[in-house]
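*Asks:* My structure is in protein.csv, and what it holds is CSV, C-alpha atoms:
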```
chain,number,residue,atom,x,y,z
C,180,MET,CA,72.7,-238.5,-8.2
C,181,LYS,CA,73.3,-242.2,-9.2
C,182,THR,CA,71.9,-243.4,-12.5
C,183,TYR,CA,71.1,-247.1,-12.8
C,184,ILE,CA,71.0,-248.3,-16.4
C,185,VAL,CA,68.7,-251.1,-17.3
C,186,PRO,CA,69.4,-252.8,-20.6
C,187,ASP,CA,67.0,-254.7,-23.0
C,188,VAL,CA,63.9,-255.9,-21.2
C,189,HIS,CA,62.2,-258.0,-23.9
C,190,GLU,CA,59.0,-258.4,-21.8
C,191,ARG,CA,60.8,-259.8,-18.7
C,192,LEU,CA,58.3,-257.8,-16.7
C,193,ALA,CA,58.5,-259.6,-13.4
C,194,THR,CA,62.3,-259.2,-13.4
C,195,LEU,CA,62.0,-255.5,-14.4
C,196,GLN,CA,59.6,-254.8,-11.6
C,197,ARG,CA,61.9,-256.4,-9.0
C,198,ILE,CA,64.9,-254.4,-10.4
C,199,VAL,CA,63.0,-251.1,-10.2
C,200,LYS,CA,61.8,-251.9,-6.6
C,201,ALA,CA,65.4,-252.7,-5.6
C,202,ILE,CA,66.9,-249.4,-6.9
C,203,PRO,CA,67.1,-246.6,-4.3
C,204,THR,CA,64.3,-244.1,-4.6
C,205,ASP,CA,66.8,-241.2,-4.8
C,206,ALA,CA,68.5,-242.6,-8.0
C,207,GLU,CA,67.6,-242.1,-11.6
C,208,ILE,CA,66.8,-245.1,-13.9
C,209,ALA,CA,67.6,-245.1,-17.6
C,210,PHE,CA,66.1,-247.9,-19.7
C,211,LEU,CA,68.0,-248.8,-22.9
C,212,GLY,CA,65.0,-249.9,-24.8
C,213,ASP,CA,63.6,-253.1,-26.4
C,214,PHE,CA,60.8,-253.4,-23.9
C,215,PHE,CA,58.9,-255.7,-26.3
C,216,ASP,CA,59.2,-259.0,-28.1
C,217,SER,CA,59.9,-261.9,-25.8
C,218,PHE,CA,59.1,-264.0,-28.9
C,219,ASN,CA,55.9,-265.3,-27.3
C,220,LEU,CA,52.5,-263.6,-27.0
C,221,LYS,CA,52.1,-263.8,-23.2
C,222,VAL,CA,52.9,-260.4,-21.7
C,223,ALA,CA,52.8,-257.8,-24.5
C,224,ALA,CA,49.8,-256.1,-23.0
C,225,GLU,CA,51.2,-256.1,-19.5
C,226,MET,CA,54.5,-254.7,-20.7
C,227,ALA,CA,52.7,-251.9,-22.6
C,228,GLN,CA,50.6,-251.1,-19.6
C,229,TRP,CA,53.8,-250.9,-17.4
C,230,VAL,CA,55.4,-248.5,-19.9
C,231,LYS,CA,52.2,-246.4,-20.0
C,232,ASP,CA,52.1,-246.2,-16.2
C,233,ASN,CA,55.7,-245.2,-15.8
C,234,VAL,CA,56.8,-243.3,-18.9
C,235,GLN,CA,56.0,-239.9,-17.2
C,236,ASN,CA,58.0,-240.7,-14.1
C,237,PRO,CA,60.6,-237.9,-13.7
C,238,ARG,CA,63.1,-240.3,-12.3
C,239,TYR,CA,62.9,-242.5,-15.4
C,240,THR,CA,64.5,-242.0,-18.9
C,241,PHE,CA,63.1,-244.2,-21.7
C,242,ILE,CA,65.4,-244.9,-24.7
C,243,ILE,CA,63.9,-246.4,-27.8
C,244,GLY,CA,65.1,-249.8,-29.2
C,245,ASN,CA,64.5,-251.4,-32.5
C,246,HIS,CA,61.9,-253.7,-30.9
C,247,ASP,CA,60.0,-250.7,-29.7
C,248,ALA,CA,60.2,-248.8,-32.9
C,249,HIS,CA,58.4,-251.3,-35.1
C,250,TYR,CA,55.3,-250.9,-32.8
C,251,PHE,CA,55.6,-247.2,-32.5
C,252,PHE,CA,55.9,-246.1,-36.1
C,253,PRO,CA,53.6,-246.7,-39.1
C,254,ASN,CA,56.1,-247.8,-41.6
C,255,ASP,CA,56.9,-251.4,-42.6
C,256,LYS,CA,60.6,-250.6,-42.8
C,257,PHE,CA,60.8,-250.6,-39.0
C,258,LYS,CA,59.7,-254.3,-38.7
C,259,CYS,CA,62.1,-256.8,-37.4
C,260,SER,CA,62.1,-260.2,-35.8
C,261,GLY,CA,59.4,-260.8,-33.2
C,262,PHE,CA,56.8,-258.5,-34.7
C,263,THR,CA,53.3,-259.8,-35.1
C,264,PRO,CA,50.1,-258.0,-36.0
C,265,TYR,CA,48.5,-259.3,-32.8
C,266,LYS,CA,51.1,-257.6,-30.6
C,267,ASP,CA,51.0,-254.5,-32.7
C,268,ALA,CA,47.3,-254.2,-32.1
C,269,VAL,CA,47.5,-254.9,-28.4
C,270,ILE,CA,50.4,-252.5,-27.7
C,271,ASN,CA,48.9,-249.7,-29.7
C,272,SER,CA,45.5,-250.1,-28.0
C,273,ILE,CA,47.4,-249.2,-24.8
C,274,LEU,CA,50.2,-246.8,-25.7
C,275,GLU,CA,49.2,-243.5,-27.3
C,276,GLN,CA,51.5,-241.2,-29.2
C,277,GLU,CA,52.0,-239.0,-26.2
C,278,ASP,CA,53.4,-242.0,-24.4
C,279,LYS,CA,55.7,-242.9,-27.3
C,280,ARG,CA,56.9,-239.3,-27.5
C,281,GLN,CA,58.6,-239.7,-24.1
C,282,PHE,CA,61.1,-242.1,-25.7
C,283,LEU,CA,64.5,-240.7,-26.7
C,284,ILE,CA,67.1,-241.9,-29.1
C,285,SER,CA,70.1,-241.1,-26.8
C,286,VAL,CA,70.8,-239.1,-23.6
C,287,GLU,CA,73.9,-237.9,-21.8
C,288,ARG,CA,74.3,-238.7,-18.2
C,289,ASP,CA,77.3,-237.9,-16.1
C,290,GLY,CA,79.6,-237.5,-19.1
C,291,TRP,CA,78.4,-240.7,-20.8
C,292,THR,CA,76.1,-241.2,-23.8
C,293,LEU,CA,73.4,-243.8,-23.4
C,294,SER,CA,71.6,-245.3,-26.4
C,295,HIS,CA,70.1,-248.6,-27.4
C,296,ALA,CA,72.9,-249.7,-29.8
C,297,GLY,CA,75.5,-246.9,-30.0
C,298,PHE,CA,77.1,-244.5,-32.4
C,299,ARG,CA,80.2,-244.7,-34.6
C,300,PRO,CA,82.1,-241.9,-36.3
C,301,GLU,CA,79.9,-242.0,-39.5
C,302,THR,CA,76.7,-241.6,-37.4
C,303,ALA,CA,78.1,-239.1,-34.9
C,304,ASP,CA,76.1,-236.2,-36.4
C,305,TRP,CA,73.0,-238.0,-35.1
C,306,LEU,CA,74.1,-237.2,-31.6
C,307,HIS,CA,72.8,-233.7,-32.0
C,308,PRO,CA,69.3,-233.3,-30.4
C,309,GLU,CA,67.9,-231.4,-33.3
C,310,ASN,CA,68.8,-234.2,-35.7
C,311,GLN,CA,67.3,-236.8,-33.4
C,312,GLU,CA,64.1,-234.8,-33.1
C,313,PHE,CA,63.9,-234.6,-36.9
C,314,ALA,CA,64.3,-238.4,-37.2
C,315,LEU,CA,61.6,-238.9,-34.6
C,316,ASP,CA,59.2,-236.5,-36.3
C,317,ALA,CA,59.8,-238.3,-39.6
C,318,ALA,CA,59.1,-241.7,-38.0
C,319,PHE,CA,55.9,-240.6,-36.3
C,320,THR,CA,54.6,-239.2,-39.6
C,321,GLY,CA,55.2,-242.5,-41.4
C,322,ASN,CA,58.6,-241.8,-43.0
C,323,PHE,CA,61.9,-243.6,-42.6
C,324,HIS,CA,65.0,-241.5,-41.7
C,325,PRO,CA,68.4,-243.2,-42.2
C,326,LEU,CA,69.1,-243.0,-38.5
C,327,TRP,CA,66.8,-246.0,-38.1
C,328,ALA,CA,68.5,-248.2,-40.6
C,329,ALA,CA,69.9,-251.7,-39.8
C,330,GLY,CA,73.3,-252.8,-41.0
C,331,ARG,CA,74.3,-255.9,-42.9
C,332,ALA,CA,75.3,-257.7,-39.7
C,333,ARG,CA,71.6,-257.6,-38.7
C,334,SER,CA,70.3,-258.4,-42.2
C,335,GLY,CA,69.9,-254.7,-43.1
C,336,ASN,CA,71.0,-252.9,-46.3
C,337,GLU,CA,73.5,-250.5,-44.9
C,338,PRO,CA,77.2,-251.2,-44.1
C,339,PHE,CA,76.4,-250.6,-40.4
C,340,GLY,CA,73.4,-249.7,-38.3
C,341,GLY,CA,72.2,-246.5,-36.6
C,342,PRO,CA,71.8,-246.0,-32.9
C,343,THR,CA,68.9,-248.5,-32.6
C,344,TRP,CA,70.6,-251.2,-34.7
C,345,LEU,CA,74.4,-251.0,-34.4
C,346,ASP,CA,75.8,-254.5,-33.8
C,347,TRP,CA,78.4,-254.5,-31.0
C,348,PHE,CA,80.5,-257.4,-32.3
C,349,HIS,CA,80.5,-256.6,-36.1
C,350,GLU,CA,79.8,-252.9,-36.5
C,351,PHE,CA,80.7,-251.0,-33.4
C,352,LYS,CA,83.5,-248.4,-33.8
C,353,PRO,CA,84.2,-245.8,-31.1
C,354,VAL,CA,83.7,-242.1,-31.6
C,355,ARG,CA,86.7,-240.1,-30.4
C,356,GLY,CA,86.1,-238.6,-27.0
C,357,LEU,CA,82.6,-240.3,-26.6
C,358,LYS,CA,82.0,-242.6,-23.7
C,359,GLN,CA,79.1,-244.9,-24.5
C,360,ILE,CA,76.9,-247.4,-22.7
C,361,VAL,CA,74.6,-249.5,-24.9
C,362,GLY,CA,72.5,-252.6,-25.1
C,363,HIS,CA,71.1,-254.4,-28.2
C,364,THR,CA,73.7,-257.1,-28.7
C,365,ASP,CA,72.9,-259.9,-26.3
C,366,HIS,CA,75.7,-262.0,-24.7
C,367,ASN,CA,76.2,-263.8,-21.4
C,368,THR,CA,78.7,-261.2,-20.1
C,369,VAL,CA,79.1,-257.4,-20.0
C,370,ARG,CA,81.5,-256.3,-22.7
C,371,ARG,CA,84.1,-253.5,-22.8
C,372,SER,CA,85.5,-252.2,-26.1
C,373,LYS,CA,89.1,-253.2,-26.7
C,374,GLN,CA,89.4,-250.2,-29.0
C,375,ALA,CA,88.1,-247.7,-26.5
C,376,PRO,CA,87.8,-248.8,-22.8
C,377,ASP,CA,85.1,-246.1,-22.1
C,378,ASN,CA,82.6,-248.0,-24.3
C,379,TRP,CA,80.5,-250.8,-22.8
C,380,CYS,CA,77.7,-253.1,-24.0
C,381,ILE,CA,75.6,-254.4,-21.1
C,382,ASP,CA,72.9,-256.4,-22.8
C,383,THR,CA,73.0,-259.8,-21.0
C,384,GLY,CA,69.4,-260.9,-21.1
C,385,LEU,CA,68.5,-258.6,-18.1
C,386,ARG,CA,71.1,-260.3,-15.9
C,387,HIS,CA,73.1,-257.1,-15.3
C,388,VAL,CA,72.5,-253.4,-14.6
C,389,GLY,CA,74.9,-250.5,-15.0
C,390,ILE,CA,75.6,-247.8,-12.5
C,391,LEU,CA,76.9,-244.2,-13.1
C,392,GLU,CA,78.1,-242.2,-10.2
C,393,GLU,CA,80.3,-239.1,-10.2
C,394,GLY,CA,81.3,-239.9,-13.8
C,395,ASN,CA,82.4,-243.5,-13.1
C,396,PHE,CA,80.7,-246.5,-14.6
C,397,SER,CA,80.3,-249.9,-12.9
C,398,TYR,CA,77.9,-252.8,-13.1
C,399,MET,CA,76.5,-255.5,-11.0
C,400,THR,CA,74.4,-258.6,-11.6
C,401,VAL,CA,70.6,-258.4,-11.0
C,402,ASP,CA,71.0,-261.1,-8.3
C,403,GLU,CA,73.5,-258.9,-6.5
C,404,LEU,CA,71.2,-255.9,-6.7
C,405,LEU,CA,68.2,-257.9,-5.3
C,406,GLU,CA,70.3,-259.4,-2.5
C,407,LYS,CA,71.5,-255.9,-1.6
C,408,GLU,CA,67.9,-254.7,-1.4
C,409,LYS,CA,66.9,-257.6,0.8
C,410,ALA,CA,69.9,-257.1,3.2
C,411,PRO,CA,68.8,-255.7,6.6
C,412,HIS,CA,69.8,-252.1,7.2
C,413,GLN,CA,72.7,-251.7,9.6
C,414,PRO,CA,72.5,-249.0,12.3
C,415,GLY,CA,74.6,-245.9,11.6
```
Give the structure from the file, written as structure tokens.
*Replies:*
Amino acid sequence: MKTYIVPDVHERLATLQRIVKAIPTDAEIAFLGDFFDSFNLKVAAEMAQWVKDNVQNPRYTFIIGNHDAHYFFPNDKFKCSGFTPYKDAVINSILEQEDKRQFLISVERDGWTLSHAGFRPETADWLHPENQEFALDAAFTGNFHPLWAAGRARSGNEPFGGPTWLDWFHEFKPVRGLKQIVGHTDHNTVRRSKQAPDNWCIDTGLRHVGILEEGNFSYMTVDELLEKEKAPHQPG
């Protein structure tokens, strides 16, 4: 089965809906997080409702980003740019804990690890599902596990960030044998690690999507995806 990988949304809801509609119905879709914070107040409620309506879809995998975490967890240490009490109240009037509990920290698909921001050797222990579950349980009960920390490149206190905060340009370091696809660090182009070619960052302001098929990674622009969806079907 193909897996399409949708990076940081940031409340670009209309584009997200067009992307989802254009992806074949027999493919899985993995979302790399940061559904919220477009840095205006317009669509927070609509975005939250879309998440609620789709988070139980068995074809979809939802990964948590730092801009989701600060609305999901009751601890001020999660707050980052874009957070407002208004959006917090609106989002949490729609999303219940059972909805938020569908979000994961990382997943493996077709031999690749998908997360919001990525892992480096010092944080590789957090790849284990039981360690991630422990960090999620801590967050939902108001505690702050170090997995959620931001690094100094993103104005945090740690030398480097965890899998929701790791900065691609200044903090990323490959884990031996681990193939990764991440978002989080916005740029105008898809980036491939010079240190380890099987590591990619695809956050481009929702202008690209990734594709996994039979262990191979590729990507296309959203415009190409939408044009492909509009093209007339040719007879076999």
*Asks:* Between C:Gly362, C:Gly330, C:Gly335, C:Gly212, which residue has the minimum interatomic distance to C:Glu350, considering all atoms listed in the file?
*Replies:*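 The closest residue to C:Glu350 is C:Gly330.
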*Asks:* Hey, what's within 8 Å of C:Arg333 if we count only C-alpha atoms and toss same-chain stuff fewer than 4 positions away? As a ChimeraX atom specification, please?
*Replies:* /C:329,344,346
*Asks:* One decimal, in Å: what's the spacing between atom CA of C:Phe251 and atom CA of C:Thr364?
*Replies:*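 Atom-to-atom, atom CA of C:Phe251 and atom CA of C:Thr364 are spaced 21.0 Å apart.
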*Asks:* Which residue is closest to C:Pro253? Choose from C:Ala224, C:Val286, C:Leu306, C:Ala317 and count all atoms listed in the file.
*Replies:*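 Residue with the minimum atom-to-atom distance to C:Pro253: C:Ala317.
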*Asks:* What are the nearest atom pairs, with distances in Å to one decimal, for all residues of stretch 304-407 of chain C that come at most 6 Å from stretch 293-300 of chain C, using all atoms listed in the file, set out by chain and rising residue number as a tab-separated table?
*Replies:*
```
residue	atom	partner	partner_atom	distance
C:Pro342	CA	C:Gly297	CA	4.8
C:Thr343	CA	C:Ala296	CA	5.0
C:Trp344	CA	C:Ala296	CA	5.6
C:Leu345	CA	C:Ala296	CA	5.0
C:Lys352	CA	C:Arg299	CA	5.0
C:Pro353	CA	C:Arg299	CA	5.4
C:Val354	CA	C:Pro300	CA	5.0
C:Gln359	CA	C:Leu293	CA	5.9
C:Ile360	CA	C:Leu293	CA	5.1
C:Val361	CA	C:Ala296	CA	5.2
C:Gly362	CA	C:His295	CA	5.2
C:His363	CA	C:Ala296	CA	5.3
```
*Asks:* Would you mind telling me which residue in C:Asp382, C:Asp232, C:Asp377, C:Asp278 lies nearest to C:Asp187 when using all atoms listed in the file?
*Replies:*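 The answer is C:Asp382, which sits nearest to C:Asp187.
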*Asks:* Any idea what's packed within 10 Å of C:Asp267, counting only C-alpha atoms, ignoring anything in its chain fewer than 5 positions away? Could you give it as a list in words?
*Replies:*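 Near neighbours after the sequence-gap exclusion: Ala223, Ala224, His249, Tyr250, Phe251, Phe262 and Ser272 of chain C.
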*Asks:* Between C:Leu326, C:Leu404, C:Leu391, C:Ala227, which residue has the minimum interatomic distance to C:Val199, considering all atoms listed in the file?
*Replies:*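 Smallest separation from C:Val199 among the options: C:Leu404.
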*Asks:* Using all atoms listed in the file, which protein or nucleic acid residues come within 8 Å of C:Phe210? Drop anything in the same chain fewer than 6 positions from it, and give the result as a ChimeraX atom specification.
*Replies:* /C:184-187,239-242
*Asks:* Quick one, how far is atom CA of C:His307 from atom CA of C:Gly340?
*Replies:*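 So the answer is 17.2 Å.
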*Asks:* So, with only C-alpha atoms as the atoms that count, which of C:Asn254, C:Arg371, C:Asn336, C:Pro264 lies closest to C:Phe319?
*Replies:*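 Looking only at the distances to C:Phe319, the closest residue turns out to be C:Asn254.
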*Asks:* For stretch 341-356 of chain C, where the input has fewer atoms than it should, I would like N, CA and C atoms rebuilt and written as a short mmCIF file (atom, residue, chain, number, x, y, z; two decimals), in the frame of the given file.
*Replies:*
```cif
data_model
loop_
_atom_site.label_atom_id
_atom_site.label_comp_id
_atom_site.auth_asym_id
_atom_site.auth_seq_id
_atom_site.Cartn_x
_atom_site.Cartn_y
_atom_site.Cartn_z
N GLY C 341 72.33 -247.76 -37.41
CA GLY C 341 72.20 -246.50 -36.60
C GLY C 341 72.10 -246.85 -35.16
N PRO C 342 71.76 -245.86 -34.35
CA PRO C 342 71.80 -246.00 -32.90
C PRO C 342 70.73 -246.95 -32.29
N THR C 343 69.79 -247.44 -33.11
CA THR C 343 68.90 -248.50 -32.60
C THR C 343 69.26 -249.87 -33.15
N TRP C 344 70.30 -249.96 -33.99
CA TRP C 344 70.60 -251.20 -34.70
C TRP C 344 72.06 -251.64 -34.69
N LEU C 345 72.97 -250.77 -34.29
CA LEU C 345 74.40 -251.00 -34.40
C LEU C 345 74.79 -252.33 -33.70
N ASP C 346 75.39 -253.25 -34.41
CA ASP C 346 75.80 -254.50 -33.80
C ASP C 346 77.15 -254.36 -33.12
N TRP C 347 77.20 -254.72 -31.83
CA TRP C 347 78.40 -254.50 -31.00
C TRP C 347 79.59 -255.32 -31.56
N PHE C 348 79.35 -256.56 -31.95
CA PHE C 348 80.50 -257.40 -32.30
C PHE C 348 81.00 -257.12 -33.73
N HIS C 349 80.14 -256.75 -34.66
CA HIS C 349 80.50 -256.60 -36.10
C HIS C 349 80.56 -255.22 -36.61
N GLU C 350 79.91 -254.27 -35.93
CA GLU C 350 79.80 -252.90 -36.50
C GLU C 350 80.23 -251.80 -35.59
N PHE C 351 80.38 -252.08 -34.31
CA PHE C 351 80.70 -251.00 -33.40
C PHE C 351 82.12 -250.45 -33.68
N LYS C 352 82.23 -249.12 -33.67
CA LYS C 352 83.50 -248.40 -33.80
C LYS C 352 83.40 -247.17 -32.94
N PRO C 353 84.34 -246.94 -32.03
CA PRO C 353 84.20 -245.80 -31.10
C PRO C 353 84.29 -244.46 -31.78
N VAL C 354 83.59 -243.51 -31.20
CA VAL C 354 83.70 -242.10 -31.60
C VAL C 354 84.68 -241.44 -30.68
N ARG C 355 85.65 -240.74 -31.24
CA ARG C 355 86.70 -240.10 -30.40
C ARG C 355 86.10 -239.22 -29.35
N GLY C 356 86.50 -239.45 -28.12
CA GLY C 356 86.10 -238.60 -27.00
C GLY C 356 84.69 -238.93 -26.46
#
```
